[in-house]
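Read the structure below first, then the notes.
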Amino acid sequence: MTIKNIIYSAHQRLEQVTNTPVKRSHLYELLAAAFGFNTYASLASKAILIKRKNPDSMDTVTLNLLQERAEEFGYVNTLAAELPVIIQEHLIGALTLTDLIAQLKNDDDLDEYDWEHEDSYQQLSPEVFNVLETLAKTGNPLAHYALALHHENGDDSDEDGISNDYWYKQMQSGRELGKVEKEFALAYQRQLSSESKYQFHLREAGRLGCNQALLDLAEKFGDHAFFIGHHQDVDTDPMRVAEIANNLGRYDEHRNWLTVAAAAGDIEAMRVLIENYDKKDLVRCWTWIYLSQLLGNDLSQDRYFAINEDGSNYDDDLGGPVYAGGESGLDLPRLDDEQNIIAWHAAEDLFNRIKIK
């Protein structure tokens, strides 16, 4: 059953239990209020009404806002009291585009929502796909980005793509193919289509200001737009951004993002800063050393361990040749007492901020 049919059923049930006629447009406004949005237009730009899978869980209902909206429309108090019950009975939820994107990027788990295609992992259901396509046509950057991830995840090519490419070219040349060869060719054709749609939606999302899309464009297509202007407020691993900046030869941004990562407790970022960017600033270097000590991973100490030839961790039970992995401790010139106090206090301040997070 589609969400439209579910809401239609909920509408009938609400009118029945409250003995009150309710306009359909008002119902959508009340659903939006229940899920914490001031208007349905606001919900529709940021979330999708969707069926929940788990009857034991429920999206948080904003009762105060729901009550206010019901009063605005002139409905009696019983309506605002009954709607949350009906929402639960009909398993209606609101999936934000941000949460959907996190799921498509494998950063979150949204098993409680019925958003996936029944025959394909990480593929959008036709209903959700259609909603996103409609939103994308209105210029919604998150909808474009979700569609880009959908098409990226939809690559059904073989591992190396060679056979599909070959048979696709044969089909294009007019050669009559057997059933199996034609399946290879058509699979590659779908792959090309998905790649084209992926790039289109990714670039549209970036053009419309989606920072995650801009970062993906920088990583995969060498686009510098993320690092130009004010597009750097993005919820991602700062070490990933630092690596992208370094690959693009943007060394000032590389240093900046390493500093963000180090201040958040990334030990490797601290090491790179000490060895490459901050080595002329001893107070700064010792700040990173002291912070690493407070975090229990002292950069001034050697860190060696047993590994296999391929770099994986050595297992005593399996045996075999053993190699040494790890890194030497950093040996820095000492600070005078005044500088040492400054470095130590700076490290403590960073450590306390990390603990709060």
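Just so we're on the same page: first chain in the structure tokens is A, next is B, and so on; residues restart at 1 for each chain, and ligands are numbered from 1 in the order they show up.
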Which polymer residues have any atom within 12 Å of an atom of His11 in chain A, counting only C-alpha atoms, with same-chain residues fewer than 6 positions away left out, as a count of residues only? 24
If you count only C-alpha atoms, the residue of A:Lys169, A:Arg13, A:Lys46, A:Arg250 closest to Ala143 in chain A turns out to be A:Lys46
Please identify all polymer residues within 12 Å of range 330-342 of chain A, counting only C-alpha atoms, omitting same-chain residues fewer than 6 positions from it, and present them as a short mmCIF file (atom, residue, chain, number, x, y, z; two decimals) with N, CA and C atoms, in the first residue's frame.
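out.cif written:
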```
data_model
loop_
_atom_site.label_atom_id
_atom_site.label_comp_id
_atom_site.auth_asym_id
_atom_site.auth_seq_id
_atom_site.Cartn_x
_atom_site.Cartn_y
_atom_site.Cartn_z
N MET A 270 47.80 14.83 13.64
CA MET A 270 48.81 15.51 14.47
C MET A 270 50.21 15.20 13.97
N ARG A 271 50.45 13.94 13.65
CA ARG A 271 51.78 13.54 13.16
C ARG A 271 52.13 14.26 11.86
N VAL A 272 51.18 14.29 10.92
CA VAL A 272 51.44 14.94 9.63
C VAL A 272 51.71 16.43 9.82
N LEU A 273 50.95 17.06 10.71
CA LEU A 273 51.17 18.48 10.98
C LEU A 273 52.57 18.74 11.54
N ILE A 274 52.96 17.91 12.49
CA ILE A 274 54.29 18.09 13.11
C ILE A 274 55.39 17.88 12.08
N GLU A 275 55.24 16.87 11.25
CA GLU A 275 56.30 16.52 10.30
C GLU A 275 56.33 17.43 9.07
N ASP A 278 53.82 22.21 10.82
CA ASP A 278 54.02 22.96 12.06
C ASP A 278 55.43 22.82 12.62
N LYS A 279 56.34 22.22 11.86
CA LYS A 279 57.64 21.89 12.44
C LYS A 279 58.46 23.11 12.83
N LYS A 280 58.14 24.29 12.28
CA LYS A 280 58.86 25.51 12.68
C LYS A 280 58.23 26.19 13.89
N ASP A 281 57.08 25.69 14.32
CA ASP A 281 56.38 26.23 15.48
C ASP A 281 56.41 25.18 16.59
N LEU A 282 57.44 25.22 17.42
CA LEU A 282 57.64 24.19 18.44
C LEU A 282 56.52 24.15 19.47
N VAL A 283 55.99 25.31 19.82
CA VAL A 283 54.89 25.32 20.78
C VAL A 283 53.70 24.56 20.21
N ARG A 284 53.41 24.80 18.94
CA ARG A 284 52.32 24.09 18.28
C ARG A 284 52.60 22.59 18.23
N CYS A 285 53.83 22.23 17.89
CA CYS A 285 54.18 20.81 17.80
C CYS A 285 54.03 20.13 19.16
N TRP A 286 54.49 20.78 20.21
CA TRP A 286 54.37 20.19 21.54
C TRP A 286 52.92 20.16 22.01
N THR A 287 52.11 21.08 21.53
CA THR A 287 50.67 21.01 21.83
C THR A 287 50.10 19.71 21.30
N TRP A 288 50.48 19.35 20.07
CA TRP A 288 50.00 18.09 19.50
C TRP A 288 50.57 16.89 20.27
N ILE A 289 51.83 16.96 20.66
CA ILE A 289 52.42 15.86 21.43
C ILE A 289 51.66 15.67 22.74
N TYR A 290 51.44 16.76 23.48
CA TYR A 290 50.74 16.65 24.76
C TYR A 290 49.30 16.18 24.57
N SER A 292 48.24 14.21 22.20
CA SER A 292 48.31 12.77 21.92
C SER A 292 48.52 11.97 23.21
N ASP A 298 50.70 8.37 22.67
CA ASP A 298 51.82 9.31 22.73
C ASP A 298 52.66 9.27 21.46
N LEU A 299 52.67 10.39 20.73
CA LEU A 299 53.43 10.46 19.49
C LEU A 299 54.93 10.52 19.72
N SER A 300 55.36 10.77 20.94
CA SER A 300 56.81 10.81 21.22
C SER A 300 57.36 9.42 21.50
N GLN A 301 56.51 8.41 21.55
CA GLN A 301 56.93 7.04 21.82
C GLN A 301 56.87 6.20 20.55
N ASP A 302 57.84 5.26 20.44
CA ASP A 302 57.81 4.32 19.32
C ASP A 302 56.54 3.47 19.39
N ARG A 303 56.03 3.15 18.23
CA ARG A 303 54.84 2.30 18.18
C ARG A 303 55.05 1.26 17.07
N GLU A 348 45.47 20.80 26.93
CA GLU A 348 44.39 20.52 27.89
C GLU A 348 43.07 21.10 27.41
N ASP A 349 43.13 22.31 26.87
CA ASP A 349 41.92 22.96 26.37
C ASP A 349 41.31 22.14 25.22
#
```
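Taking CA of Ser45 in chain A as the reference point, CA of Leu214 in chain A is found at 20.1 Å.
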Select from range 32-222 of chain A everything DSSP, run on the backbone, classes as strand (DSSP E or B), then give the selection as a PyMOL selection string. chain A and resi 47-52+92-96+113+116-117+120-124
Do you know which residues are at most 12 Å from range 135-141 of chain A counting only C-alpha atoms, after dropping those on the same chain fewer than 3 positions away, and could you put them as a VMD selection string? chain A and resid 41 to 48 97 to 98 101 128 to 132 144 to 148 200 to 214
Restricting it to N, CA, C and O atoms, dump the selection as a short mmCIF file (atom, residue, chain, number, x, y, z; two decimals), in the first residue's frame.
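The resulting file, out-v5.cif, is reproduced below:
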```cif
data_model
loop_
_atom_site.label_atom_id
_atom_site.label_comp_id
_atom_site.auth_asym_id
_atom_site.auth_seq_id
_atom_site.Cartn_x
_atom_site.Cartn_y
_atom_site.Cartn_z
N ALA A 41 4.47 22.48 3.52
CA ALA A 41 5.47 22.88 2.52
C ALA A 41 6.88 22.72 3.10
O ALA A 41 7.80 22.30 2.39
N SER A 42 7.04 23.05 4.37
CA SER A 42 8.34 22.90 5.01
C SER A 42 8.71 21.42 5.11
O SER A 42 9.85 21.03 4.84
N LEU A 43 7.76 20.59 5.51
CA LEU A 43 8.03 19.14 5.58
C LEU A 43 8.40 18.60 4.21
O LEU A 43 9.38 17.86 4.07
N ALA A 44 7.62 18.98 3.19
CA ALA A 44 7.83 18.43 1.85
C ALA A 44 9.18 18.80 1.26
O ALA A 44 9.69 18.10 0.38
N SER A 45 9.79 19.89 1.75
CA SER A 45 11.09 20.30 1.23
C SER A 45 12.24 19.62 1.96
O SER A 45 13.37 19.62 1.48
N LYS A 46 11.95 19.02 3.12
CA LYS A 46 13.02 18.45 3.95
C LYS A 46 12.82 16.99 4.30
O LYS A 46 13.75 16.35 4.79
N ALA A 47 11.63 16.46 4.07
CA ALA A 47 11.34 15.09 4.50
C ALA A 47 10.31 14.45 3.59
O ALA A 47 9.71 15.11 2.74
N ILE A 48 10.10 13.15 3.78
CA ILE A 48 9.14 12.38 3.00
C ILE A 48 8.22 11.65 3.97
O ILE A 48 8.70 10.96 4.88
N LEU A 97 15.29 13.99 4.43
CA LEU A 97 16.21 13.76 3.32
C LEU A 97 17.63 13.59 3.85
O LEU A 97 18.41 12.81 3.28
N THR A 98 17.96 14.29 4.93
CA THR A 98 19.30 14.15 5.51
C THR A 98 19.53 12.73 6.00
O THR A 98 20.60 12.15 5.78
N ILE A 101 19.87 10.34 3.00
CA ILE A 101 21.20 10.47 2.40
C ILE A 101 22.23 9.72 3.23
O ILE A 101 23.09 9.02 2.68
N VAL A 128 9.42 6.34 -3.23
CA VAL A 128 10.38 7.32 -2.73
C VAL A 128 11.12 7.96 -3.89
O VAL A 128 11.36 9.18 -3.90
N PHE A 129 11.47 7.16 -4.89
CA PHE A 129 12.17 7.69 -6.07
C PHE A 129 11.33 8.76 -6.75
O PHE A 129 11.84 9.83 -7.12
N ASN A 130 10.03 8.52 -6.92
CA ASN A 130 9.17 9.48 -7.59
C ASN A 130 9.05 10.78 -6.80
O ASN A 130 9.01 11.87 -7.38
N VAL A 131 8.98 10.65 -5.47
CA VAL A 131 8.92 11.86 -4.63
C VAL A 131 10.19 12.69 -4.80
O VAL A 131 10.14 13.91 -4.94
N LEU A 132 11.33 12.01 -4.81
CA LEU A 132 12.60 12.72 -4.97
C LEU A 132 12.71 13.38 -6.34
O LEU A 132 13.22 14.50 -6.46
N HIS A 144 18.28 16.12 -5.26
CA HIS A 144 19.25 15.80 -6.32
C HIS A 144 20.38 14.91 -5.78
O HIS A 144 20.79 13.95 -6.45
N TYR A 145 20.85 15.23 -4.59
CA TYR A 145 21.98 14.46 -4.05
C TYR A 145 21.55 13.02 -3.72
O TYR A 145 22.29 12.07 -3.99
N ALA A 146 20.35 12.87 -3.16
CA ALA A 146 19.85 11.52 -2.88
C ALA A 146 19.70 10.72 -4.16
O ALA A 146 20.03 9.52 -4.22
N LEU A 147 19.22 11.36 -5.22
CA LEU A 147 19.09 10.67 -6.51
C LEU A 147 20.45 10.31 -7.08
O LEU A 147 20.63 9.24 -7.69
N ALA A 148 21.43 11.19 -6.89
CA ALA A 148 22.79 10.88 -7.35
C ALA A 148 23.30 9.63 -6.66
O ALA A 148 23.87 8.72 -7.30
N PHE A 200 24.71 13.96 -13.50
CA PHE A 200 23.77 15.07 -13.64
C PHE A 200 23.24 15.52 -12.29
O PHE A 200 23.28 16.71 -11.95
N HIS A 201 22.74 14.57 -11.49
CA HIS A 201 22.15 14.93 -10.20
C HIS A 201 23.22 15.43 -9.22
O HIS A 201 22.96 16.33 -8.41
N LEU A 202 24.42 14.84 -9.30
CA LEU A 202 25.49 15.29 -8.41
C LEU A 202 25.88 16.73 -8.72
O LEU A 202 26.05 17.57 -7.81
N ARG A 203 26.02 17.04 -10.01
CA ARG A 203 26.40 18.41 -10.39
C ARG A 203 25.27 19.40 -10.09
O ARG A 203 25.54 20.55 -9.70
N GLU A 204 24.03 18.99 -10.27
CA GLU A 204 22.91 19.87 -9.93
C GLU A 204 22.87 20.13 -8.42
O GLU A 204 22.64 21.26 -7.98
N ALA A 205 23.08 19.08 -7.63
CA ALA A 205 23.11 19.25 -6.18
C ALA A 205 24.22 20.22 -5.76
O ALA A 205 24.03 21.09 -4.91
N GLY A 206 25.38 20.07 -6.39
CA GLY A 206 26.49 20.98 -6.11
C GLY A 206 26.19 22.40 -6.53
O GLY A 206 26.44 23.35 -5.80
N ARG A 207 25.60 22.54 -7.72
CA ARG A 207 25.26 23.88 -8.22
C ARG A 207 24.28 24.58 -7.30
O ARG A 207 24.33 25.81 -7.12
N LEU A 208 23.39 23.79 -6.68
CA LEU A 208 22.38 24.35 -5.80
C LEU A 208 22.86 24.52 -4.36
O LEU A 208 22.09 24.89 -3.49
N GLY A 209 24.15 24.20 -4.13
CA GLY A 209 24.75 24.49 -2.83
C GLY A 209 24.85 23.35 -1.85
O GLY A 209 25.10 23.59 -0.66
N CYS A 210 24.67 22.11 -2.29
CA CYS A 210 24.82 20.97 -1.39
C CYS A 210 26.31 20.69 -1.17
O CYS A 210 27.02 20.26 -2.09
N ASN A 211 26.79 20.93 0.04
CA ASN A 211 28.22 20.80 0.32
C ASN A 211 28.72 19.36 0.17
O ASN A 211 29.85 19.14 -0.26
N GLN A 212 27.90 18.39 0.52
CA GLN A 212 28.31 17.00 0.37
C GLN A 212 28.53 16.66 -1.11
O GLN A 212 29.46 15.93 -1.45
N ALA A 213 27.67 17.19 -1.95
CA ALA A 213 27.82 16.95 -3.39
C ALA A 213 29.08 17.64 -3.91
O ALA A 213 29.82 17.06 -4.73
N LEU A 214 29.33 18.86 -3.45
CA LEU A 214 30.54 19.57 -3.88
C LEU A 214 31.79 18.81 -3.46
O LEU A 214 32.77 18.75 -4.21
#
```
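Among the candidates A:Tyr75, A:Tyr166, A:Trp344, A:Phe226, the residue lying nearest to Leu186 in chain A is A:Tyr166 (atoms considered: only C-alpha atoms).
Residues in contact with Met58 in chain A at 8 Å, where only C-alpha atoms are counted and same-chain residues fewer than 6 positions away are skipped, are listed as A:Gln88, A:Leu91, A:Gly93.
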Deliver the residues from the most recent selection as a file, using all heavy atoms, as a PDB file, in the first residue's frame.
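Final file, out_30.pdb:
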```pdb
ATOM      1  N   GLN A  88       0.178   6.255  14.759  1.00  0.00           N
ATOM      2  CA  GLN A  88       0.788   5.011  15.227  1.00  0.00           C
ATOM      3  C   GLN A  88       0.102   3.801  14.607  1.00  0.00           C
ATOM      4  O   GLN A  88       0.765   2.866  14.147  1.00  0.00           O
ATOM      5  CB  GLN A  88       0.706   4.944  16.760  1.00  0.00           C
ATOM      6  CG  GLN A  88       1.172   3.641  17.382  1.00  0.00           C
ATOM      7  CD  GLN A  88       2.667   3.416  17.256  1.00  0.00           C
ATOM      8  OE1 GLN A  88       3.390   4.280  16.750  1.00  0.00           O
ATOM      9  NE2 GLN A  88       3.125   2.258  17.703  1.00  0.00           N
ATOM     10  N   LEU A  91       1.151   3.441  11.012  1.00  0.00           N
ATOM     11  CA  LEU A  91       2.612   3.364  10.818  1.00  0.00           C
ATOM     12  C   LEU A  91       3.132   4.476   9.906  1.00  0.00           C
ATOM     13  O   LEU A  91       3.966   4.261   9.030  1.00  0.00           O
ATOM     14  CB  LEU A  91       3.006   2.003  10.232  1.00  0.00           C
ATOM     15  CG  LEU A  91       2.650   0.769  11.065  1.00  0.00           C
ATOM     16  CD1 LEU A  91       3.048  -0.503  10.325  1.00  0.00           C
ATOM     17  CD2 LEU A  91       3.318   0.808  12.424  1.00  0.00           C
ATOM     18  N   GLY A  93       5.313   7.709   9.155  1.00  0.00           N
ATOM     19  CA  GLY A  93       6.526   8.350   9.648  1.00  0.00           C
ATOM     20  C   GLY A  93       6.984   9.445   8.703  1.00  0.00           C
ATOM     21  O   GLY A  93       6.444   9.599   7.599  1.00  0.00           O
TER      22      GLY A  93
END
```
Residue neighbourhood Gly249 in chain A, 12 Å, only C-alpha atoms, exclusion window fewer than 5 positions, as an NGL selection string: :A and (218 or 222-224 or 227 or 242-244 or 254-255)
Those same residues, written as a short mmCIF file (atom, residue, chain, number, x, y, z; two decimals), in the first residue's frame with all heavy atoms?
```cif
data_model
loop_
_atom_site.label_atom_id
_atom_site.label_comp_id
_atom_site.auth_asym_id
_atom_site.auth_seq_id
_atom_site.Cartn_x
_atom_site.Cartn_y
_atom_site.Cartn_z
N ALA A 218 34.66 17.16 -5.88
CA ALA A 218 36.10 17.40 -5.70
C ALA A 218 36.86 16.09 -5.67
O ALA A 218 37.92 15.95 -6.29
CB ALA A 218 36.34 18.18 -4.41
N GLY A 222 37.70 16.07 -9.54
CA GLY A 222 38.70 17.13 -9.47
C GLY A 222 38.14 18.53 -9.52
O GLY A 222 38.83 19.48 -9.89
N ASP A 223 36.88 18.69 -9.13
CA ASP A 223 36.23 20.00 -9.12
C ASP A 223 36.64 20.75 -7.85
O ASP A 223 36.50 20.25 -6.75
CB ASP A 223 34.71 19.81 -9.16
CG ASP A 223 33.96 21.10 -9.42
OD1 ASP A 223 34.31 22.12 -8.80
OD2 ASP A 223 33.02 21.09 -10.23
N HIS A 224 37.11 21.98 -7.99
CA HIS A 224 37.63 22.76 -6.86
C HIS A 224 36.57 23.60 -6.15
O HIS A 224 36.88 24.30 -5.18
CB HIS A 224 38.76 23.69 -7.33
CG HIS A 224 40.01 22.96 -7.72
ND1 HIS A 224 41.19 23.08 -7.01
CD2 HIS A 224 40.28 22.11 -8.75
CE1 HIS A 224 42.13 22.35 -7.59
NE2 HIS A 224 41.60 21.75 -8.65
N PHE A 227 36.23 24.09 -2.31
CA PHE A 227 37.25 24.84 -1.60
C PHE A 227 37.25 26.33 -1.95
O PHE A 227 38.10 27.08 -1.48
CB PHE A 227 38.64 24.25 -1.89
CG PHE A 227 38.77 22.83 -1.41
CD1 PHE A 227 38.64 21.77 -2.31
CD2 PHE A 227 39.01 22.55 -0.08
CE1 PHE A 227 38.77 20.46 -1.87
CE2 PHE A 227 39.14 21.25 0.36
CZ PHE A 227 39.02 20.20 -0.53
N ALA A 242 40.86 16.62 4.05
CA ALA A 242 42.28 16.94 3.96
C ALA A 242 42.95 16.17 2.82
O ALA A 242 43.75 16.72 2.06
CB ALA A 242 42.97 16.62 5.28
N GLU A 243 42.61 14.89 2.69
CA GLU A 243 43.19 14.07 1.62
C GLU A 243 42.78 14.58 0.25
O GLU A 243 43.59 14.64 -0.68
CB GLU A 243 42.76 12.62 1.79
CG GLU A 243 43.35 11.69 0.74
CD GLU A 243 42.93 10.25 0.92
OE1 GLU A 243 42.23 9.93 1.91
OE2 GLU A 243 43.29 9.42 0.06
N ILE A 244 41.50 14.97 0.10
CA ILE A 244 41.03 15.50 -1.18
C ILE A 244 41.77 16.79 -1.52
O ILE A 244 42.21 17.00 -2.66
CB ILE A 244 39.51 15.74 -1.12
CG1 ILE A 244 38.77 14.40 -0.97
CG2 ILE A 244 39.03 16.47 -2.38
CD1 ILE A 244 37.29 14.55 -0.67
N HIS A 254 44.70 21.72 2.82
CA HIS A 254 45.18 20.47 3.40
C HIS A 254 45.60 20.70 4.84
O HIS A 254 45.18 19.96 5.76
CB HIS A 254 46.36 19.94 2.58
CG HIS A 254 46.87 18.61 3.07
ND1 HIS A 254 48.23 18.36 3.22
CD2 HIS A 254 46.24 17.48 3.46
CE1 HIS A 254 48.39 17.14 3.65
NE2 HIS A 254 47.21 16.57 3.80
N ARG A 255 46.36 21.73 5.07
CA ARG A 255 46.80 22.04 6.43
C ARG A 255 45.61 22.40 7.33
O ARG A 255 45.52 21.94 8.48
CB ARG A 255 47.80 23.20 6.41
CG ARG A 255 48.28 23.59 7.80
CD ARG A 255 49.27 24.74 7.73
NE ARG A 255 49.84 25.03 9.05
CZ ARG A 255 50.80 25.90 9.27
NH1 ARG A 255 51.33 26.58 8.25
NH2 ARG A 255 51.25 26.11 10.50
#
```
Rounded to one decimal in Å, what is the spacing between CA of Leu177 in chain A and CA of Lys197 in chain A? 26.8 Å
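CA of Asn308 in chain A lies 8.4 Å from CA of Ala324 in chain A.
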